[in-house]
file data.cif (mmCIF, C-alpha atoms and all ligand atoms)
data_query
loop_
_atom_site.group_PDB
_atom_site.id
_atom_site.type_symbol
_atom_site.label_atom_id
_atom_site.label_comp_id
_atom_site.auth_asym_id
_atom_site.auth_seq_id
_atom_site.Cartn_x
_atom_site.Cartn_y
_atom_site.Cartn_z
ATOM 1 C CA MET A 17 -15.671 -3.230 -26.152
ATOM 2 C CA ILE A 18 -16.774 -4.684 -29.502
ATOM 3 C CA LEU A 19 -14.365 -7.335 -30.693
ATOM 4 C CA SER A 20 -14.136 -6.007 -34.255
ATOM 5 C CA ALA A 21 -13.183 -2.591 -32.868
ATOM 6 C CA LEU A 22 -10.073 -3.917 -31.195
ATOM 7 C CA PRO A 23 -6.882 -2.544 -32.683
ATOM 8 C CA ASN A 24 -4.346 -4.679 -34.504
ATOM 9 C CA CYS A 25 -0.715 -4.742 -33.469
ATOM 10 C CA LEU A 26 1.288 -2.404 -35.728
ATOM 11 C CA CYS A 27 4.012 -5.028 -35.880
ATOM 12 C CA CYS A 28 2.520 -8.532 -36.105
ATOM 13 C CA GLU A 29 -1.120 -7.514 -36.773
ATOM 14 C CA SER A 30 -2.569 -9.712 -34.051
ATOM 15 C CA ARG A 31 -5.604 -8.297 -32.267
ATOM 16 C CA ILE A 32 -4.864 -6.432 -29.086
ATOM 17 C CA ASN A 33 -7.157 -5.603 -26.262
ATOM 18 C CA PRO A 34 -5.449 -2.964 -24.161
ATOM 19 C CA HIS A 35 -7.948 -3.409 -21.326
ATOM 20 C CA HIS A 36 -8.332 -7.137 -20.897
ATOM 21 C CA SER A 37 -5.271 -8.659 -22.374
ATOM 22 C CA ALA A 38 -3.997 -12.055 -21.416
ATOM 23 C CA ARG A 39 -0.553 -10.802 -22.276
ATOM 24 C CA LYS A 40 0.497 -8.810 -19.321
ATOM 25 C CA SER A 41 2.996 -6.632 -21.109
ATOM 26 C CA SER A 42 0.407 -5.343 -23.541
ATOM 27 C CA PHE A 43 -2.390 -4.074 -21.339
ATOM 28 C CA TYR A 44 -1.305 -0.464 -21.476
ATOM 29 C CA ASP A 45 -0.280 -0.381 -25.100
ATOM 30 C CA VAL A 46 -2.885 0.311 -27.773
ATOM 31 C CA ASP A 47 -0.384 0.156 -30.635
ATOM 32 C CA TYR A 48 1.485 -3.085 -30.021
ATOM 33 C CA CYS A 49 0.492 -6.496 -28.675
ATOM 34 C CA SER A 50 3.669 -6.785 -26.628
ATOM 35 C CA THR A 51 6.869 -5.058 -25.616
ATOM 36 C CA TYR A 52 8.600 -7.403 -28.047
ATOM 37 C CA CYS A 53 6.617 -6.021 -30.994
ATOM 38 C CA ARG A 54 7.192 -2.413 -29.961
ATOM 39 C CA LYS A 55 10.920 -3.008 -29.667
ATOM 40 C CA PHE A 56 11.036 -4.843 -33.002
ATOM 41 C CA VAL A 57 9.644 -1.785 -34.796
ATOM 42 C CA GLU A 58 11.358 0.964 -32.789
ATOM 43 C CA GLU A 59 14.781 -0.590 -33.155
ATOM 44 C CA GLY A 60 14.253 -1.495 -36.805
ATOM 45 C CA HIS A 61 14.771 -5.253 -36.518
ATOM 46 C CA LYS A 62 14.249 -7.560 -39.489
ATOM 47 C CA MET A 63 12.785 -11.022 -39.815
ATOM 48 C CA VAL A 64 15.360 -13.802 -39.967
ATOM 49 C CA ASN A 65 15.404 -15.673 -43.249
ATOM 50 C CA GLY A 66 15.024 -19.438 -42.983
ATOM 51 C CA MET A 67 18.097 -20.174 -45.074
ATOM 52 C CA ASP A 68 20.295 -17.839 -43.010
ATOM 53 C CA LYS A 69 19.044 -19.464 -39.819
ATOM 54 C CA THR A 70 19.259 -23.116 -40.807
ATOM 55 C CA GLY A 71 21.677 -23.162 -43.738
ATOM 56 C CA HIS A 72 19.157 -25.138 -45.788
ATOM 57 C CA LYS A 73 18.188 -23.783 -49.184
ATOM 58 C CA ASN A 74 14.674 -25.165 -49.014
ATOM 59 C CA MET A 75 14.021 -22.995 -45.930
ATOM 60 C CA LYS A 76 14.629 -19.817 -47.928
ATOM 61 C CA GLY A 77 10.966 -18.865 -48.122
ATOM 62 C CA LEU A 78 10.425 -19.077 -44.355
ATOM 63 C CA GLU A 79 10.892 -16.239 -41.919
ATOM 64 C CA TRP A 80 11.504 -16.230 -38.166
ATOM 65 C CA TRP A 81 11.039 -13.579 -35.551
ATOM 66 C CA PRO A 82 14.509 -12.797 -34.191
ATOM 67 C CA LYS A 83 15.463 -12.947 -30.532
ATOM 68 C CA LEU A 84 15.593 -9.448 -29.059
ATOM 69 C CA SER A 85 17.635 -8.219 -26.138
ATOM 70 C CA PHE A 86 15.914 -6.839 -23.030
ATOM 71 C CA ASP A 87 17.345 -5.585 -19.738
ATOM 72 C CA CYS A 88 16.361 -7.536 -16.624
ATOM 73 C CA GLU A 89 14.302 -5.502 -14.152
ATOM 74 C CA VAL A 90 16.209 -6.912 -11.207
ATOM 75 C CA CYS A 91 19.879 -7.390 -12.125
ATOM 76 C CA GLY A 92 19.947 -5.010 -15.105
ATOM 77 C CA ASP A 93 21.728 -7.559 -17.322
ATOM 78 C CA ALA A 94 20.689 -7.995 -20.951
ATOM 79 C CA TYR A 95 18.894 -11.217 -21.883
ATOM 80 C CA GLU A 96 17.321 -12.514 -25.050
ATOM 81 C CA VAL A 97 13.631 -12.961 -25.587
ATOM 82 C CA ASN A 98 11.552 -14.805 -28.177
ATOM 83 C CA LYS A 99 8.428 -13.259 -29.552
ATOM 84 C CA THR A 100 6.325 -15.830 -27.722
ATOM 85 C CA ASN A 101 7.597 -15.037 -24.238
ATOM 86 C CA SER A 102 7.780 -11.305 -24.635
ATOM 87 C CA LYS A 103 5.883 -10.638 -21.441
ATOM 88 C CA LEU A 104 8.883 -11.493 -19.303
ATOM 89 C CA LEU A 105 10.480 -8.781 -17.238
ATOM 90 C CA PHE A 106 13.258 -10.869 -15.768
ATOM 91 C CA CYS A 107 16.293 -12.707 -17.112
ATOM 92 C CA SER A 108 15.582 -15.748 -14.921
ATOM 93 C CA ASN A 109 13.354 -17.255 -12.263
ATOM 94 C CA TYR A 110 16.091 -16.374 -9.833
ATOM 95 C CA CYS A 111 15.650 -12.652 -10.497
ATOM 96 C CA SER A 112 11.877 -12.943 -10.553
ATOM 97 C CA LYS A 113 11.943 -14.503 -7.085
ATOM 98 C CA ALA A 114 14.637 -12.149 -5.862
ATOM 99 C CA LEU A 115 12.302 -9.220 -6.227
ATOM 100 C CA GLN A 116 9.662 -10.791 -3.998
ATOM 101 C CA LYS A 117 12.223 -12.010 -1.500
ATOM 102 C CA ASN A 118 14.600 -9.074 -1.285
ATOM 103 C CA ALA A 119 12.340 -6.133 -1.849
ATOM 104 C CA ASN A 120 10.419 -7.196 1.256
ATOM 105 C CA ILE A 121 7.294 -5.469 -0.022
ATOM 106 C CA ARG A 122 3.926 -7.134 -0.017
ATOM 107 C CA LYS A 123 2.987 -8.100 -3.591
ATOM 108 C CA ALA A 124 6.188 -6.579 -4.942
ATOM 109 C CA SER A 125 5.545 -7.942 -8.435
ATOM 110 C CA ASN A 126 2.182 -6.173 -8.617
ATOM 111 C CA LEU A 127 3.781 -2.955 -7.506
ATOM 112 C CA LEU A 128 6.490 -3.390 -10.140
ATOM 113 C CA ALA A 129 3.761 -3.921 -12.749
ATOM 114 C CA THR A 130 2.189 -0.639 -11.653
ATOM 115 C CA PHE A 131 5.511 1.162 -11.959
ATOM 116 C CA LYS A 132 6.117 -0.432 -15.388
ATOM 117 C CA MET A 133 2.745 0.842 -16.547
ATOM 118 C CA MET A 134 3.660 4.330 -15.287
ATOM 119 C CA GLN A 135 7.009 4.052 -17.060
ATOM 120 C CA HIS A 136 5.181 3.255 -20.277
ATOM 121 C CA LYS A 137 2.817 6.211 -19.821
ATOM 122 C CA ARG A 138 5.738 8.537 -19.182
ATOM 123 C CA LYS A 139 7.484 7.318 -22.317
ATOM 124 C CA TYR A 140 4.592 7.107 -24.742
ATOM 125 C CA GLY A 141 1.437 8.526 -23.147
ATOM 126 C CA ASN A 142 -0.117 11.964 -22.921
ATOM 127 C CA GLU A 143 0.368 14.545 -20.177
ATOM 128 C CA LYS A 144 4.033 13.568 -19.769
ATOM 129 C CA GLY A 145 3.002 10.529 -17.803
ATOM 130 C CA TRP A 146 1.013 12.209 -15.027
ATOM 131 C CA LEU A 147 -1.782 9.999 -13.677
ATOM 132 C CA SER A 148 -4.171 10.374 -10.770
ATOM 133 C CA SER A 149 -4.221 7.616 -8.188
ATOM 134 C CA ASN A 150 -7.780 6.821 -9.309
ATOM 135 C CA SER A 151 -6.759 6.226 -12.897
ATOM 136 C CA ILE A 152 -3.804 4.118 -11.762
ATOM 137 C CA TYR A 153 -6.194 2.099 -9.622
ATOM 138 C CA GLU A 154 -8.609 1.636 -12.549
ATOM 139 C CA ILE A 155 -5.913 0.568 -15.003
ATOM 140 C CA MET A 156 -4.466 -1.987 -12.590
ATOM 141 C CA LYS A 157 -7.914 -3.287 -11.678
ATOM 142 C CA ASN A 158 -8.803 -3.774 -15.365
ATOM 143 C CA ARG A 159 -5.577 -5.613 -15.830
ATOM 144 C CA GLY A 160 -6.650 -8.153 -13.254
ATOM 145 C CA ASP A 161 -3.822 -7.460 -10.866
ATOM 146 C CA VAL A 162 -4.333 -6.675 -7.247
ATOM 147 C CA ALA A 163 -5.102 -2.995 -7.249
ATOM 148 C CA TYR A 164 -4.017 -1.005 -4.256
ATOM 149 C CA ASN A 165 -6.618 1.377 -2.995
ATOM 150 C CA SER A 166 -3.859 2.839 -0.864
ATOM 151 C CA TYR A 167 -1.712 4.164 -3.696
ATOM 152 C CA PRO A 168 -1.282 7.584 -2.077
ATOM 153 C CA SER A 169 0.489 6.157 0.970
ATOM 154 C CA ILE A 170 2.548 3.668 -1.049
ATOM 155 C CA PHE A 171 3.540 6.385 -3.499
ATOM 156 C CA LYS A 172 4.491 8.782 -0.736
ATOM 157 C CA LEU A 173 7.204 6.343 0.292
ATOM 158 C CA TRP A 174 8.505 5.850 -3.245
ATOM 159 C CA ALA A 175 8.357 9.584 -3.936
ATOM 160 C CA SER A 176 10.614 10.159 -0.940
ATOM 161 C CA LYS A 177 13.078 7.703 -2.457
ATOM 162 C CA GLY A 178 12.966 9.357 -5.869
ATOM 163 C CA LEU A 179 11.214 6.686 -7.908
ATOM 164 C CA ILE A 180 7.985 8.666 -8.287
ATOM 165 C CA GLU A 181 7.169 12.334 -8.743
ATOM 166 C CA VAL A 182 4.082 13.855 -7.135
ATOM 167 C CA ARG A 183 2.190 17.029 -7.917
ATOM 168 C CA SER A 184 -1.046 18.346 -6.500
ATOM 169 C CA ILE A 185 -3.880 19.655 -8.621
ATOM 170 C CA ASN A 186 -6.008 22.446 -7.136
ATOM 171 C CA ASN A 187 -4.313 21.820 -3.817
ATOM 172 C CA ARG A 188 -5.986 18.496 -3.279
ATOM 173 C CA VAL A 189 -5.866 15.728 -5.928
ATOM 174 C CA ASN A 190 -2.428 14.302 -6.292
ATOM 175 C CA GLU A 191 -1.011 13.075 -9.548
ATOM 176 C CA TYR A 192 1.953 10.797 -9.977
ATOM 177 C CA ARG A 193 4.464 9.819 -12.590
ATOM 178 C CA ILE A 194 7.647 7.792 -12.730
ATOM 179 C CA ALA A 195 10.825 9.866 -12.334
ATOM 180 C CA GLU A 196 12.656 10.577 -15.558
ATOM 181 C CA ARG A 197 15.706 8.401 -14.880
ATOM 182 C CA PHE A 198 13.460 5.334 -14.565
ATOM 183 C CA ILE A 199 12.316 5.626 -18.154
ATOM 184 C CA THR A 200 15.493 3.671 -18.844
ATOM 185 C CA GLU A 201 16.833 2.347 -15.523
ATOM 186 C CA PRO A 202 15.592 -0.989 -14.107
ATOM 187 C CA ILE A 203 12.835 -0.322 -11.593
ATOM 188 C CA GLY A 204 12.921 -3.680 -9.828
ATOM 189 C CA LYS A 205 16.598 -3.226 -9.018
ATOM 190 C CA PHE A 206 15.866 0.120 -7.408
ATOM 191 C CA MET A 207 12.962 -1.366 -5.423
ATOM 192 C CA ILE A 208 15.344 -3.900 -3.897
ATOM 193 C CA GLN A 209 18.130 -1.401 -3.220
ATOM 194 C CA CYS A 210 15.836 1.228 -1.736
ATOM 195 C CA ARG A 211 13.227 -0.972 -0.127
ATOM 196 C CA PRO A 212 11.144 0.318 2.793
ATOM 197 C CA LYS A 213 13.003 0.986 6.041
ATOM 198 C CA ARG A 214 16.255 1.357 4.180
ATOM 199 C CA ASN A 215 18.069 4.619 3.712
ATOM 200 C CA CYS A 216 19.308 5.235 0.235
HETATM 201 ZN ZN ZN A 301 2.436 -7.834 -32.085
HETATM 202 ZN ZN ZN A 302 18.258 -10.702 -13.879
#
call {"tool": "encode", "arguments": {"input": "data.cif", "output": "structure tokens", "more": "lines below"}}
Ligand SMILES: [Zn+2]
Ligand SMILES: [Zn+2]
result
Amino acid sequence: MILSALPNCLCCESRINPHHSARKSSFYDVDYCSTYCRKFVEEGHKMVNGMDKTGHKNMKGLEWWPKLSFDCEVCGDAYEVNKTNSKLLFCSNYCSKALQKNANIRKASNLLATFKMMQHKRKYGNEKGWLSSNSIYEIMKNRGDVAYNSYPSIFKLWASKGLIEVRSINNRVNEYRIAERFITEPIGKFMIQCRPKRNC
């Protein structure tokens, strides 16, 4: 991709590369550089004036990005995020580690990233979020995460638990999307509750 052709974030105007982004939360978004920036615009937040923030008159001309509230993927609690660390999915290191430890799934954080990407596609993408396992594999490979070439078998499990929906095209190629309730519900929490070999 030619550098000058890269889109600018609709919020902060920084360049975004949806295919090879260093910012993990932005790889699937061609409109915003981060989930922070998308939330800032969608929820109609305003910059914080320097005088309001510090109480000093001479700071009046300065503006700050406000802290925004996100819901933790693991415990579901709200936590505040600065613009600079907007790639975070978890309220704390504790919750970040809890996913790996308690979900008992190999590379659970990579799988969560895959599900988050599918969540984003369901919310904002075309085709109501349906993706073939090949395109999921390609997106995750471009992102630089471990890409599972065994998505069909992994997804079969999560479809049986209700996290994923499956449909077959022409009786052979399967397509997948995140189930509707997980457009808003924390996915990591569900992965822990309904981990493999557990009935739920
Ligand atoms: Zn931005
Ligand atoms: Zn948490």
call {"tool": "resolve_selection", "arguments": {"input": "data.cif", "expression": "the PyMOL selection byres (((chain A and resi 49) around 8) and not hetatm)", "output": "ChimeraX atom specification"}}
result
/A:24-25,28,30-32,39,41-42,45-48,50-51,53-54
call {"tool": "closest_residue", "arguments": {"input": "data.cif", "among": "A:Glu143, A:Asp161, A:Glu79, A:Asp93", "to": "A:Arg193", "atoms": "all atoms listed in the file"}}
result
A:Glu143
call {"tool": "atom_distance", "arguments": {"input": "data.cif", "atom1": "atom CA of A:Pro82", "atom2": "atom CA of A:Val64"}}
result
5.9 Å
call {"tool": "closest_residue", "arguments": {"input": "data.cif", "among": "A:Val90, A:Leu22, A:Ile199, A:Cys27", "to": "ligand ZN 302 (chain A)", "atoms": "only C-alpha atoms and all ligand atoms"}}
result
A:Val90
call {"tool": "closest_residue", "arguments": {"input": "data.cif", "among": "A:Cys91, A:Met63, A:Met156, A:Cys216", "to": "A:Leu78", "atoms": "all atoms listed in the file"}}
result
A:Met63
call {"tool": "residues_near_ligand", "arguments": {"input": "data.cif", "ligand": "ligand ZN 302 (chain A)", "cutoff": "10 Å", "atoms": "only C-alpha atoms and all ligand atoms", "output": "list in words"}}
result
Asp87, Cys88, Glu89, Val90, Cys91, Gly92, Asp93, Ala94, Tyr95, Leu105, Phe106, Cys107, Ser108, Asn109, Tyr110, Cys111, Ser112, Ala114, Leu115, Gly204 and Lys205 of chain A
call {"tool": "atom_distance", "arguments": {"input": "data.cif", "atom1": "atom CA of A:Gly160", "atom2": "atom CA of A:Tyr192"}}
result
21.1 Å
call {"tool": "atom_distance", "arguments": {"input": "data.cif", "atom1": "atom CA of A:Lys99", "atom2": "atom CA of A:Lys69"}}
result
16.0 Å
call {"tool": "closest_residue", "arguments": {"input": "data.cif", "among": "A:Asp68, A:Met207, A:Lys144, A:Asn101", "to": "ligand ZN 301 (chain A)", "atoms": "all atoms listed in the file"}}
result
A:Asn101
call {"tool": "resolve_selection", "arguments": {"input": "data.cif", "expression": "the PyMOL selection byres (((chain A and resi 150-154) around 12) and not hetatm)", "output": "VMD selection string"}}
result
chain A and resid 35 44 126 to 127 129 to 134 137 145 to 149 155 to 168 171 189 to 193
call {"tool": "axis_aligned_box", "arguments": {"input": "data.cif", "around": "stretch 133-147 of chain A", "padding_each_side": "8 Å", "output": "AutoDock Vina command-line options"}}
result
--center_x 2.9 --center_y 7.7 --center_z -19.2 --size_x 25.3 --size_y 29.7 --size_z 27.1
call {"tool": "resolve_selection", "arguments": {"input": "data.cif", "expression": "the PyMOL selection byres (((chain A and resi 76) around 7) and not hetatm)", "output": "PyMOL selection string"}}
result
chain A and resi 65-67+73-75+77-78
call {"tool": "residues_around", "arguments": {"input": "data.cif", "residues": "A:Ile180", "least_positions_apart": "3", "cutoff": "9 Å", "atoms": "all atoms listed in the file", "output": "number ranges by chain"}}
result
A: 131, 171-177, 192-196, 198
call {"tool": "decode", "arguments": {"input": "data.cif", "residues": "stretch 126-138 of chain A", "atoms": "N, CA and C atoms", "output": "PDB file, in the first residue's frame"}}
result
ATOM      1  N   ASN A 126      -5.060 -14.387  21.551  1.00  0.00           N
ATOM      2  CA  ASN A 126      -5.176 -14.305  20.086  1.00  0.00           C
ATOM      3  C   ASN A 126      -6.585 -14.659  19.621  1.00  0.00           C
ATOM      4  N   LEU A 127      -7.161 -15.632  20.295  1.00  0.00           N
ATOM      5  CA  LEU A 127      -8.522 -16.016  19.924  1.00  0.00           C
ATOM      6  C   LEU A 127      -9.491 -14.882  20.267  1.00  0.00           C
ATOM      7  N   LEU A 128      -9.274 -14.245  21.408  1.00  0.00           N
ATOM      8  CA  LEU A 128     -10.108 -13.093  21.769  1.00  0.00           C
ATOM      9  C   LEU A 128      -9.960 -11.989  20.717  1.00  0.00           C
ATOM     10  N   ALA A 129      -8.730 -11.755  20.263  1.00  0.00           N
ATOM     11  CA  ALA A 129      -8.514 -10.729  19.238  1.00  0.00           C
ATOM     12  C   ALA A 129      -9.302 -11.067  17.968  1.00  0.00           C
ATOM     13  N   THR A 130      -9.334 -12.339  17.628  1.00  0.00           N
ATOM     14  CA  THR A 130     -10.106 -12.769  16.455  1.00  0.00           C
ATOM     15  C   THR A 130     -11.594 -12.483  16.664  1.00  0.00           C
ATOM     16  N   PHE A 131     -12.083 -12.832  17.839  1.00  0.00           N
ATOM     17  CA  PHE A 131     -13.500 -12.584  18.132  1.00  0.00           C
ATOM     18  C   PHE A 131     -13.810 -11.081  18.157  1.00  0.00           C
ATOM     19  N   LYS A 132     -12.864 -10.277  18.673  1.00  0.00           N
ATOM     20  CA  LYS A 132     -13.071  -8.822  18.702  1.00  0.00           C
ATOM     21  C   LYS A 132     -13.152  -8.264  17.276  1.00  0.00           C
ATOM     22  N   MET A 133     -12.311  -8.795  16.407  1.00  0.00           N
ATOM     23  CA  MET A 133     -12.351  -8.372  15.012  1.00  0.00           C
ATOM     24  C   MET A 133     -13.714  -8.728  14.404  1.00  0.00           C
ATOM     25  N   MET A 134     -14.200  -9.941  14.709  1.00  0.00           N
ATOM     26  CA  MET A 134     -15.503 -10.365  14.182  1.00  0.00           C
ATOM     27  C   MET A 134     -16.635  -9.515  14.759  1.00  0.00           C
ATOM     28  N   GLN A 135     -16.478  -9.127  16.021  1.00  0.00           N
ATOM     29  CA  GLN A 135     -17.452  -8.243  16.660  1.00  0.00           C
ATOM     30  C   GLN A 135     -17.508  -6.905  15.916  1.00  0.00           C
ATOM     31  N   HIS A 136     -16.322  -6.402  15.588  1.00  0.00           N
ATOM     32  CA  HIS A 136     -16.246  -5.136  14.868  1.00  0.00           C
ATOM     33  C   HIS A 136     -16.902  -5.254  13.492  1.00  0.00           C
ATOM     34  N   LYS A 137     -16.623  -6.357  12.801  1.00  0.00           N
ATOM     35  CA  LYS A 137     -17.219  -6.559  11.467  1.00  0.00           C
ATOM     36  C   LYS A 137     -18.735  -6.678  11.554  1.00  0.00           C
ATOM     37  N   ARG A 138     -19.211  -7.305  12.608  1.00  0.00           N
ATOM     38  CA  ARG A 138     -20.668  -7.457  12.752  1.00  0.00           C
ATOM     39  C   ARG A 138     -21.321  -6.094  13.003  1.00  0.00           C
TER      40      ARG A 138
END
